[in-house]
file my_file15.cif (mmCIF, C-alpha atoms)
data_query
#
loop_
_atom_site.group_PDB
_atom_site.id
_atom_site.type_symbol
_atom_site.label_atom_id
_atom_site.label_comp_id
_atom_site.auth_asym_id
_atom_site.auth_seq_id
_atom_site.Cartn_x
_atom_site.Cartn_y
_atom_site.Cartn_z
ATOM 1 C CA MET A 1 34.980 56.908 -52.658
ATOM 2 C CA LYS A 2 31.491 58.377 -52.519
ATOM 3 C CA SER A 3 30.975 61.491 -54.639
ATOM 4 C CA LYS A 4 28.001 63.689 -55.305
ATOM 5 C CA GLY A 5 25.586 61.633 -57.310
ATOM 6 C CA GLY A 6 27.254 58.256 -56.817
ATOM 7 C CA TRP A 7 30.494 56.375 -56.394
ATOM 8 C CA ARG A 8 33.651 57.764 -57.934
ATOM 9 C CA ASN A 9 35.762 55.409 -60.020
ATOM 10 C CA GLU A 10 39.220 55.687 -58.443
ATOM 11 C CA SER A 11 40.885 54.622 -61.707
ATOM 12 C CA MET A 12 39.577 57.614 -63.663
ATOM 13 C CA PRO A 13 42.176 60.305 -64.432
ATOM 14 C CA ALA A 14 42.805 62.954 -61.801
ATOM 15 C CA GLY A 15 40.515 65.933 -62.131
ATOM 16 C CA VAL A 16 37.755 64.050 -63.947
ATOM 17 C CA ASP A 17 34.521 64.015 -61.984
ATOM 18 C CA GLU A 18 31.858 61.361 -62.424
ATOM 19 C CA GLN A 19 29.527 64.061 -63.764
ATOM 20 C CA THR A 20 31.786 64.965 -66.715
ATOM 21 C CA LEU A 21 30.760 62.006 -68.876
ATOM 22 C CA SER A 22 27.158 61.050 -69.584
ATOM 23 C CA PRO A 23 25.882 57.565 -70.470
ATOM 24 C CA VAL A 24 25.132 57.131 -74.164
ATOM 25 C CA GLY A 25 22.335 55.236 -75.867
ATOM 26 C CA ARG A 26 22.693 52.430 -78.359
ATOM 27 C CA GLU A 27 21.696 54.391 -81.468
ATOM 28 C CA THR A 28 24.712 55.351 -83.617
ATOM 29 C CA LEU A 29 26.808 54.274 -80.667
ATOM 30 C CA GLN A 30 30.261 54.837 -82.143
ATOM 31 C CA ASP A 31 29.498 58.415 -83.156
ATOM 32 C CA ARG A 32 27.843 59.205 -79.838
ATOM 33 C CA VAL A 33 30.792 57.903 -77.835
ATOM 34 C CA TYR A 34 33.124 59.953 -80.010
ATOM 35 C CA ALA A 35 30.931 63.051 -79.613
ATOM 36 C CA GLU A 36 30.804 62.667 -75.824
ATOM 37 C CA LEU A 37 34.573 62.296 -75.484
ATOM 38 C CA ARG A 38 35.164 65.118 -77.935
ATOM 39 C CA LYS A 39 32.866 67.430 -75.971
ATOM 40 C CA SER A 40 34.669 66.560 -72.753
ATOM 41 C CA LEU A 41 38.035 67.385 -74.295
ATOM 42 C CA VAL A 42 36.858 70.690 -75.759
ATOM 43 C CA ASN A 43 35.375 71.675 -72.394
ATOM 44 C CA GLY A 44 38.681 70.966 -70.652
ATOM 45 C CA MET A 45 37.264 68.155 -68.530
ATOM 46 C CA PHE A 46 40.549 66.284 -68.882
ATOM 47 C CA ALA A 47 43.855 67.767 -67.757
ATOM 48 C CA ALA A 48 47.053 67.749 -69.772
ATOM 49 C CA GLY A 49 48.846 64.450 -69.192
ATOM 50 C CA ASP A 50 45.730 62.520 -68.137
ATOM 51 C CA VAL A 51 45.919 58.924 -69.364
ATOM 52 C CA LEU A 52 42.592 57.711 -70.758
ATOM 53 C CA ARG A 53 41.957 54.028 -70.190
ATOM 54 C CA ILE A 54 39.528 52.263 -72.466
ATOM 55 C CA VAL A 55 37.957 50.061 -69.810
ATOM 56 C CA ASP A 56 37.410 52.982 -67.430
ATOM 57 C CA LEU A 57 35.794 55.118 -70.120
ATOM 58 C CA ALA A 58 33.620 52.253 -71.350
ATOM 59 C CA ASP A 59 32.406 51.667 -67.809
ATOM 60 C CA ARG A 60 31.537 55.339 -67.304
ATOM 61 C CA LEU A 61 29.838 55.603 -70.691
ATOM 62 C CA GLN A 62 28.014 52.315 -70.083
ATOM 63 C CA THR A 63 29.111 50.782 -73.353
ATOM 64 C CA SER A 64 31.512 48.135 -74.659
ATOM 65 C CA THR A 65 35.189 48.842 -75.219
ATOM 66 C CA MET A 66 35.055 48.724 -79.028
ATOM 67 C CA PRO A 67 33.340 52.110 -79.666
ATOM 68 C CA VAL A 68 35.583 53.714 -77.051
ATOM 69 C CA ARG A 69 38.685 52.281 -78.709
ATOM 70 C CA GLU A 70 37.546 53.581 -82.101
ATOM 71 C CA ALA A 71 36.681 57.011 -80.685
ATOM 72 C CA LEU A 72 40.082 57.326 -79.050
ATOM 73 C CA GLY A 73 41.718 56.368 -82.344
ATOM 74 C CA ARG A 74 39.838 59.140 -84.124
ATOM 75 C CA LEU A 75 40.856 61.641 -81.460
ATOM 76 C CA VAL A 76 44.498 60.603 -81.758
ATOM 77 C CA SER A 77 44.328 61.205 -85.516
ATOM 78 C CA GLU A 78 42.913 64.675 -84.786
ATOM 79 C CA LYS A 79 45.871 65.475 -82.490
ATOM 80 C CA ALA A 80 43.531 65.856 -79.502
ATOM 81 C CA LEU A 81 45.156 62.814 -77.861
ATOM 82 C CA GLU A 82 48.499 61.104 -78.287
ATOM 83 C CA SER A 83 49.444 57.425 -78.259
ATOM 84 C CA LEU A 84 51.853 56.065 -75.667
ATOM 85 C CA PRO A 85 54.229 53.110 -76.111
ATOM 86 C CA ASN A 86 52.046 50.886 -73.893
ATOM 87 C CA ARG A 87 49.097 51.388 -76.305
ATOM 88 C CA SER A 88 47.262 53.706 -73.937
ATOM 89 C CA VAL A 89 46.511 57.308 -74.876
ATOM 90 C CA ARG A 90 46.807 60.565 -73.017
ATOM 91 C CA VAL A 91 45.930 64.215 -73.292
ATOM 92 C CA PRO A 92 49.079 65.884 -74.720
ATOM 93 C CA LEU A 93 51.407 67.586 -72.291
ATOM 94 C CA ILE A 94 51.615 71.367 -72.429
ATOM 95 C CA THR A 95 54.929 72.509 -73.872
ATOM 96 C CA ARG A 96 56.054 75.946 -74.937
ATOM 97 C CA ALA A 97 56.271 74.840 -78.574
ATOM 98 C CA ARG A 98 52.713 73.473 -78.485
ATOM 99 C CA LEU A 99 51.436 76.637 -76.812
ATOM 100 C CA ASP A 100 53.034 78.883 -79.421
ATOM 101 C CA ASP A 101 51.846 76.781 -82.353
ATOM 102 C CA LEU A 102 48.230 76.553 -81.194
ATOM 103 C CA ALA A 103 48.037 80.230 -80.247
ATOM 104 C CA ARG A 104 49.419 81.273 -83.627
ATOM 105 C CA ALA A 105 47.019 79.000 -85.519
ATOM 106 C CA ARG A 106 43.981 80.085 -83.519
ATOM 107 C CA ILE A 107 44.672 83.800 -83.932
ATOM 108 C CA LEU A 108 45.235 83.333 -87.655
ATOM 109 C CA ILE A 109 42.212 81.147 -88.447
ATOM 110 C CA GLU A 110 39.743 82.650 -85.990
ATOM 111 C CA GLY A 111 40.780 86.138 -87.019
ATOM 112 C CA ARG A 112 39.923 85.256 -90.589
ATOM 113 C CA MET A 113 36.529 84.001 -89.407
ATOM 114 C CA VAL A 114 35.851 87.359 -87.742
ATOM 115 C CA SER A 115 36.764 89.211 -90.934
ATOM 116 C CA LEU A 116 34.446 86.999 -92.970
ATOM 117 C CA ALA A 117 31.628 87.356 -90.431
ATOM 118 C CA LEU A 118 31.781 91.140 -90.148
ATOM 119 C CA PRO A 119 29.812 92.008 -93.342
ATOM 120 C CA HIS A 120 27.056 89.525 -92.448
ATOM 121 C CA LEU A 121 26.491 90.415 -88.793
ATOM 122 C CA THR A 122 22.952 91.560 -88.014
ATOM 123 C CA HIS A 123 21.556 93.407 -85.003
ATOM 124 C CA GLU A 124 20.103 90.080 -83.928
ATOM 125 C CA ASP A 125 23.559 88.454 -84.024
ATOM 126 C CA LEU A 126 25.040 91.268 -81.951
ATOM 127 C CA GLY A 127 22.174 90.930 -79.485
ATOM 128 C CA ILE A 128 22.892 87.235 -79.097
ATOM 129 C CA LEU A 129 26.591 87.935 -78.460
ATOM 130 C CA ARG A 130 25.712 90.554 -75.829
ATOM 131 C CA LYS A 131 23.236 88.189 -74.144
ATOM 132 C CA VAL A 132 25.715 85.301 -74.011
ATOM 133 C CA ASN A 133 28.422 87.550 -72.570
ATOM 134 C CA THR A 134 26.021 88.973 -69.986
ATOM 135 C CA ASP A 135 25.098 85.432 -68.940
ATOM 136 C CA CYS A 136 28.794 84.622 -68.660
ATOM 137 C CA ASP A 137 29.410 87.658 -66.441
ATOM 138 C CA ALA A 138 26.527 86.530 -64.208
ATOM 139 C CA ALA A 139 27.990 83.029 -63.973
ATOM 140 C CA PHE A 140 31.397 84.344 -62.942
ATOM 141 C CA GLU A 141 29.749 86.275 -60.087
ATOM 142 C CA GLN A 142 28.790 82.989 -58.426
ATOM 143 C CA HIS A 143 31.974 82.899 -56.390
ATOM 144 C CA GLY A 144 32.797 79.647 -54.648
ATOM 145 C CA LYS A 145 30.621 77.584 -56.975
ATOM 146 C CA ASP A 146 31.797 75.111 -59.608
ATOM 147 C CA ILE A 147 30.737 77.015 -62.716
ATOM 148 C CA GLY A 148 33.591 76.021 -65.028
ATOM 149 C CA HIS A 149 31.374 73.872 -67.230
ATOM 150 C CA VAL A 150 28.845 76.724 -67.494
ATOM 151 C CA THR A 151 31.331 79.446 -68.435
ATOM 152 C CA SER A 152 33.091 77.101 -70.854
ATOM 153 C CA ALA A 153 29.827 76.381 -72.658
ATOM 154 C CA LEU A 154 28.963 80.096 -72.804
ATOM 155 C CA ASN A 155 32.411 80.973 -74.120
ATOM 156 C CA GLN A 156 32.012 78.409 -76.896
ATOM 157 C CA ARG A 157 28.523 79.658 -77.694
ATOM 158 C CA PHE A 158 29.867 83.206 -78.019
ATOM 159 C CA HIS A 159 32.707 82.319 -80.369
ATOM 160 C CA PHE A 160 30.928 79.766 -82.493
ATOM 161 C CA HIS A 161 27.876 81.954 -83.031
ATOM 162 C CA LEU A 162 30.212 84.615 -84.377
ATOM 163 C CA TYR A 163 32.153 82.138 -86.512
ATOM 164 C CA GLY A 164 28.954 80.611 -87.848
ATOM 165 C CA VAL A 165 28.061 83.981 -89.350
ATOM 166 C CA ALA A 166 31.243 83.750 -91.473
ATOM 167 C CA ARG A 167 29.528 81.109 -93.645
ATOM 168 C CA SER A 168 32.663 79.002 -94.083
ATOM 169 C CA PRO A 169 32.084 75.353 -93.100
ATOM 170 C CA VAL A 170 35.648 74.448 -94.126
ATOM 171 C CA LEU A 171 37.271 77.019 -91.856
ATOM 172 C CA LEU A 172 34.766 76.245 -89.102
ATOM 173 C CA SER A 173 35.881 72.613 -89.047
ATOM 174 C CA ILE A 174 39.485 73.800 -88.650
ATOM 175 C CA VAL A 175 38.477 76.040 -85.742
ATOM 176 C CA GLU A 176 36.703 73.104 -84.097
ATOM 177 C CA SER A 177 39.872 71.035 -84.391
ATOM 178 C CA LEU A 178 41.963 73.815 -82.825
ATOM 179 C CA TRP A 179 39.537 74.133 -79.921
ATOM 180 C CA LEU A 180 39.643 70.375 -79.458
ATOM 181 C CA GLN A 181 43.416 70.553 -79.111
ATOM 182 C CA SER A 182 43.219 73.580 -76.774
ATOM 183 C CA GLY A 183 40.810 72.194 -74.166
ATOM 184 C CA ALA A 184 43.422 71.190 -71.588
ATOM 185 C CA ILE A 185 45.262 74.487 -72.098
ATOM 186 C CA ILE A 186 42.131 76.522 -71.423
ATOM 187 C CA ARG A 187 41.442 74.375 -68.349
ATOM 188 C CA GLN A 188 44.874 75.074 -66.862
ATOM 189 C CA ALA A 189 44.704 78.759 -67.753
ATOM 190 C CA ALA A 190 41.361 79.058 -65.938
ATOM 191 C CA GLN A 191 42.922 77.503 -62.840
ATOM 192 C CA ILE A 192 45.828 79.969 -62.958
ATOM 193 C CA HIS A 193 43.421 82.879 -63.425
ATOM 194 C CA ASP A 194 41.427 81.766 -60.383
ATOM 195 C CA GLU A 195 44.645 81.808 -58.340
ATOM 196 C CA GLN A 196 45.992 85.121 -59.618
ATOM 197 C CA GLY A 197 42.873 87.142 -60.394
ATOM 198 C CA GLY A 198 43.035 89.973 -62.914
ATOM 199 C CA LEU A 199 40.739 91.187 -65.665
ATOM 200 C CA ALA A 200 37.345 89.569 -65.922
ATOM 201 C CA ALA A 201 37.326 86.725 -68.420
ATOM 202 C CA THR A 202 34.696 88.509 -70.521
ATOM 203 C CA ASP A 203 36.477 91.861 -70.891
ATOM 204 C CA HIS A 204 37.953 91.063 -74.296
ATOM 205 C CA HIS A 205 34.555 89.791 -75.452
ATOM 206 C CA TRP A 206 32.970 93.133 -74.626
ATOM 207 C CA ALA A 207 35.742 94.932 -76.522
ATOM 208 C CA LEU A 208 35.164 92.607 -79.463
ATOM 209 C CA ILE A 209 31.421 93.290 -79.423
ATOM 210 C CA SER A 210 32.042 97.049 -79.430
ATOM 211 C CA ALA A 211 34.385 96.748 -82.406
ATOM 212 C CA LEU A 212 31.883 94.576 -84.276
ATOM 213 C CA GLU A 213 29.096 97.089 -83.620
ATOM 214 C CA GLU A 214 31.287 99.827 -85.077
ATOM 215 C CA ARG A 215 32.296 97.588 -88.017
ATOM 216 C CA HIS A 216 35.916 98.259 -87.052
ATOM 217 C CA GLU A 217 37.754 95.205 -88.394
ATOM 218 C CA GLU A 218 41.213 96.037 -87.052
ATOM 219 C CA ALA A 219 39.905 96.652 -83.531
ATOM 220 C CA ALA A 220 37.868 93.449 -83.705
ATOM 221 C CA LEU A 221 40.911 91.415 -84.713
ATOM 222 C CA THR A 222 42.962 92.979 -81.925
ATOM 223 C CA SER A 223 40.302 92.156 -79.327
ATOM 224 C CA LEU A 224 40.041 88.586 -80.579
ATOM 225 C CA ALA A 225 43.821 88.132 -80.524
ATOM 226 C CA ASN A 226 43.943 89.507 -76.964
ATOM 227 C CA ASP A 227 41.161 87.125 -75.936
ATOM 228 C CA ILE A 228 42.883 84.073 -77.399
ATOM 229 C CA SER A 229 46.359 85.084 -76.200
ATOM 230 C CA ARG A 230 45.237 85.599 -72.633
ATOM 231 C CA SER A 231 44.952 81.903 -71.769
ATOM 232 C CA PHE A 232 48.204 81.027 -73.501
ATOM 233 C CA ASP A 233 50.053 83.908 -71.832
ATOM 234 C CA LEU A 234 48.915 82.787 -68.377
ATOM 235 C CA ILE A 235 50.468 79.370 -68.944
ATOM 236 C CA ARG A 236 53.637 80.866 -70.461
ATOM 237 C CA GLY A 237 53.995 82.902 -67.279
ATOM 238 C CA ARG A 238 53.667 79.759 -65.182
ATOM 239 C CA LEU A 239 56.259 77.965 -67.339
ATOM 240 C CA ASP A 240 58.636 80.927 -67.010
ATOM 241 C CA ALA A 241 58.261 80.851 -63.225
ATOM 242 C CA GLN A 242 58.918 77.129 -63.109
ATOM 243 C CA GLU A 243 62.004 77.498 -65.289
ATOM 244 C CA ARG A 244 63.387 80.149 -62.938
ATOM 245 C CA VAL A 245 62.873 77.806 -60.009
ATOM 246 C CA ASP A 246 64.545 74.949 -61.886
ATOM 247 C CA VAL A 247 67.571 77.119 -62.725
ATOM 248 C CA ARG A 248 67.869 78.340 -59.152
ATOM 249 C CA TYR A 249 67.634 74.949 -57.494
ATOM 250 C CA GLY A 250 68.673 72.678 -60.359
#
call {"tool": "encode", "arguments": {"input": "my_file15.cif", "output": "C-alpha cells"}}
result
Amino acid sequence: MKSKGGWRNESMPAGVDEQTLSPVGRETLQDRVYAELRKSLVNGMFAAGDVLRIVDLADRLQTSTMPVREALGRLVSEKALESLPNRSVRVPLITRARLDDLARARILIEGRMVSLALPHLTHEDLGILRKVNTDCDAAFEQHGKDIGHVTSALNQRFHFHLYGVARSPVLLSIVESLWLQSGAIIRQAAQIHDEQGGLAATDHHWALISALEERHEEAALTSLANDISRSFDLIRGRLDAQERVDVRYG
C-alpha cells in the first residue's frame, strides 16, 4: 500500500506509520538501533499488544537482524516489551494492575524529582517551562492535523527539563524507565481524550508552573499528580465501561 513518503510495509504492527522509525547509520549500530526503538516506545508510536517482528524492524531501520534482536532483548529486560512463547516480543497489554502500578510509581518518583528541583529552579528554568507549554498549546490548536509526535516531544521536554534541575541522575534513570513503560498507555489515553474532549492537555502543566513560581511544594506535587493521573484515569474509565458491557452481555 502506498503511504505518504513511500510504500507501507503491510507486516508492520497496526498503528505504526513508516515515518515513525528512521534509518540508522553504521556507527555504534547496536546502541543506535536500541535508541531508535526506545524513542519510538516512549513516544507511544507502538500500541499496546503490538507484536514487534525482528525482520520487519530490521528492514525499516535498514540494518541486519542482530542489532535489532539485541535491542529488543534489552527492552524486554527493561519491562518495556514482553517475550511471547513463540520467541517474538510485544508491547505489554494494558491491564488495571499495570495501570495502577505504573501510576503509583510515577507519582512517587516524579514527585520526588519535583521536590528536589524546587530549590534549584531559576527564572530561566521557569521561562523555558512556560515557553515549552506555550508551544504545546499552539500545537494542540492545529485541529485535524497529526501533531501527536510534536505534542509528545514537547511534553517530554517540559517534564525532563524540570527533572533535570533536580540533579539526581539515579532517579532520572528510573523516571526514564517508567516513561518507557508508559508510552503505549499515554498513546491510548491521547486517543480517548481526542474522542471525549475535556480539559486542555496543558492545564495541569500551567498549574504546576504557577506552583513552582510561588515555591509552593504541596501545590506543585498536587498538580504533577493530577497531570500524571489524567492519562491513567482516562484508560480506567474505558476499562470500567468495557467491563459494564461485558457484564451486561456476557
call {"tool": "atom_distance", "arguments": {"input": "my_file15.cif", "atom1": "atom CA of Phe232 of chain A", "atom2": "atom CA of Gly183 of chain A"}}
result
11.5 Å
call {"tool": "residues_around", "arguments": {"input": "my_file15.cif", "residues": "Leu171 of chain A", "least_positions_apart": "3", "cutoff": "8 Å", "atoms": "all atoms listed in the file", "output": "MDAnalysis selection string"}}
result
chainID A and resid 109 113 168 174:175
call {"tool": "closest_residue", "arguments": {"input": "my_file15.cif", "among": "A:Arg244, A:Arg167, A:Arg32, A:Arg230", "to": "Ser115 of chain A", "atoms": "only C-alpha atoms"}}
result
A:Arg167
call {"tool": "residues_around", "arguments": {"input": "my_file15.cif", "residues": "Ser64 of chain A", "least_positions_apart": "2", "cutoff": "12 Å", "atoms": "all atoms listed in the file", "output": "list of chain:residue names"}}
result
A:Pro23, A:Val24, A:Gly25, A:Arg26, A:Leu29, A:Gln30, A:Val33, A:Ile54, A:Val55, A:Asp56, A:Leu57, A:Ala58, A:Asp59, A:Arg60, A:Leu61, A:Gln62, A:Met66, A:Pro67, A:Val68, A:Arg69, A:Glu70, A:Ala71
call {"tool": "resolve_selection", "arguments": {"input": "my_file15.cif", "expression": "the PyMOL selection byres ((chain A and resi 82-99) around 7)", "output": "list in words"}}
result
Ala47, Ala48, Gly49, Asp50, Val51, Leu52, Arg53, Val76, Lys79, Ala80, Leu81, Asp100, Asp101, Leu102, Ala103 and Phe232 of chain A
call {"tool": "write_last_selection", "arguments": {"input": "my_file15.cif", "atoms": "C-alpha atoms", "output": "PDB file, in the frame of the given file"}}
result
ATOM      1  CA  ALA A  47      43.855  67.767 -67.757  1.00  0.00           C
ATOM      2  CA  ALA A  48      47.053  67.749 -69.772  1.00  0.00           C
ATOM      3  CA  GLY A  49      48.846  64.450 -69.192  1.00  0.00           C
ATOM      4  CA  ASP A  50      45.730  62.520 -68.137  1.00  0.00           C
ATOM      5  CA  VAL A  51      45.919  58.924 -69.364  1.00  0.00           C
ATOM      6  CA  LEU A  52      42.592  57.711 -70.758  1.00  0.00           C
ATOM      7  CA  ARG A  53      41.957  54.028 -70.190  1.00  0.00           C
ATOM      8  CA  VAL A  76      44.498  60.603 -81.758  1.00  0.00           C
ATOM      9  CA  LYS A  79      45.871  65.475 -82.490  1.00  0.00           C
ATOM     10  CA  ALA A  80      43.531  65.856 -79.502  1.00  0.00           C
ATOM     11  CA  LEU A  81      45.156  62.814 -77.861  1.00  0.00           C
ATOM     12  CA  ASP A 100      53.034  78.883 -79.421  1.00  0.00           C
ATOM     13  CA  ASP A 101      51.846  76.781 -82.353  1.00  0.00           C
ATOM     14  CA  LEU A 102      48.230  76.553 -81.194  1.00  0.00           C
ATOM     15  CA  ALA A 103      48.037  80.230 -80.247  1.00  0.00           C
ATOM     16  CA  PHE A 232      48.204  81.027 -73.501  1.00  0.00           C
TER      17      PHE A 232
END
call {"tool": "residues_around", "arguments": {"input": "my_file15.cif", "residues": "segment 193-207 of chain A", "least_positions_apart": "2", "cutoff": "7 Å", "atoms": "all atoms listed in the file", "output": "ChimeraX atom specification"}}
result
/A:133,137,189-191,209-211,223,226-227
call {"tool": "closest_residue", "arguments": {"input": "my_file15.cif", "among": "A:Val42, A:Leu162, A:Leu180, A:Leu121", "to": "Leu224 of chain A", "atoms": "all atoms listed in the file"}}
result
A:Leu162
call {"tool": "residues_near_point", "arguments": {"input": "my_file15.cif", "point": "(32.3, 73.4, -72.8)", "cutoff": "12 Å", "atoms": "all atoms listed in the file", "output": "short mmCIF file (atom, residue, chain, number, x, y, z; two decimals) with C-alpha atoms, in the frame of the given file"}}
result
data_model
loop_
_atom_site.label_atom_id
_atom_site.label_comp_id
_atom_site.auth_asym_id
_atom_site.auth_seq_id
_atom_site.Cartn_x
_atom_site.Cartn_y
_atom_site.Cartn_z
CA THR A 20 31.79 64.96 -66.72
CA GLU A 36 30.80 62.67 -75.82
CA LEU A 37 34.57 62.30 -75.48
CA ARG A 38 35.16 65.12 -77.94
CA LYS A 39 32.87 67.43 -75.97
CA SER A 40 34.67 66.56 -72.75
CA LEU A 41 38.03 67.39 -74.30
CA VAL A 42 36.86 70.69 -75.76
CA ASN A 43 35.38 71.68 -72.39
CA GLY A 44 38.68 70.97 -70.65
CA MET A 45 37.26 68.16 -68.53
CA PHE A 46 40.55 66.28 -68.88
CA ILE A 147 30.74 77.02 -62.72
CA GLY A 148 33.59 76.02 -65.03
CA HIS A 149 31.37 73.87 -67.23
CA VAL A 150 28.84 76.72 -67.49
CA THR A 151 31.33 79.45 -68.44
CA SER A 152 33.09 77.10 -70.85
CA ALA A 153 29.83 76.38 -72.66
CA LEU A 154 28.96 80.10 -72.80
CA ASN A 155 32.41 80.97 -74.12
CA GLN A 156 32.01 78.41 -76.90
CA ARG A 157 28.52 79.66 -77.69
CA PHE A 158 29.87 83.21 -78.02
CA HIS A 159 32.71 82.32 -80.37
CA PHE A 160 30.93 79.77 -82.49
CA TRP A 179 39.54 74.13 -79.92
CA LEU A 180 39.64 70.38 -79.46
CA SER A 182 43.22 73.58 -76.77
CA GLY A 183 40.81 72.19 -74.17
CA ALA A 184 43.42 71.19 -71.59
CA ILE A 186 42.13 76.52 -71.42
CA ARG A 187 41.44 74.38 -68.35
#
call {"tool": "residues_around", "arguments": {"input": "my_file15.cif", "residues": "Leu221 of chain A", "least_positions_apart": "3", "cutoff": "9 Å", "atoms": "all atoms listed in the file", "output": "ChimeraX atom specification"}}
result
/A:107,110-112,114-115,208,211,216-218,224-226
call {"tool": "atom_distance", "arguments": {"input": "my_file15.cif", "atom1": "atom CA of Phe140 of chain A", "atom2": "atom CA of Ser229 of chain A"}}
result
20.0 Å
call {"tool": "atom_distance", "arguments": {"input": "my_file15.cif", "atom1": "atom CA of Ala105 of chain A", "atom2": "atom CA of Leu172 of chain A"}}
result
13.1 Å
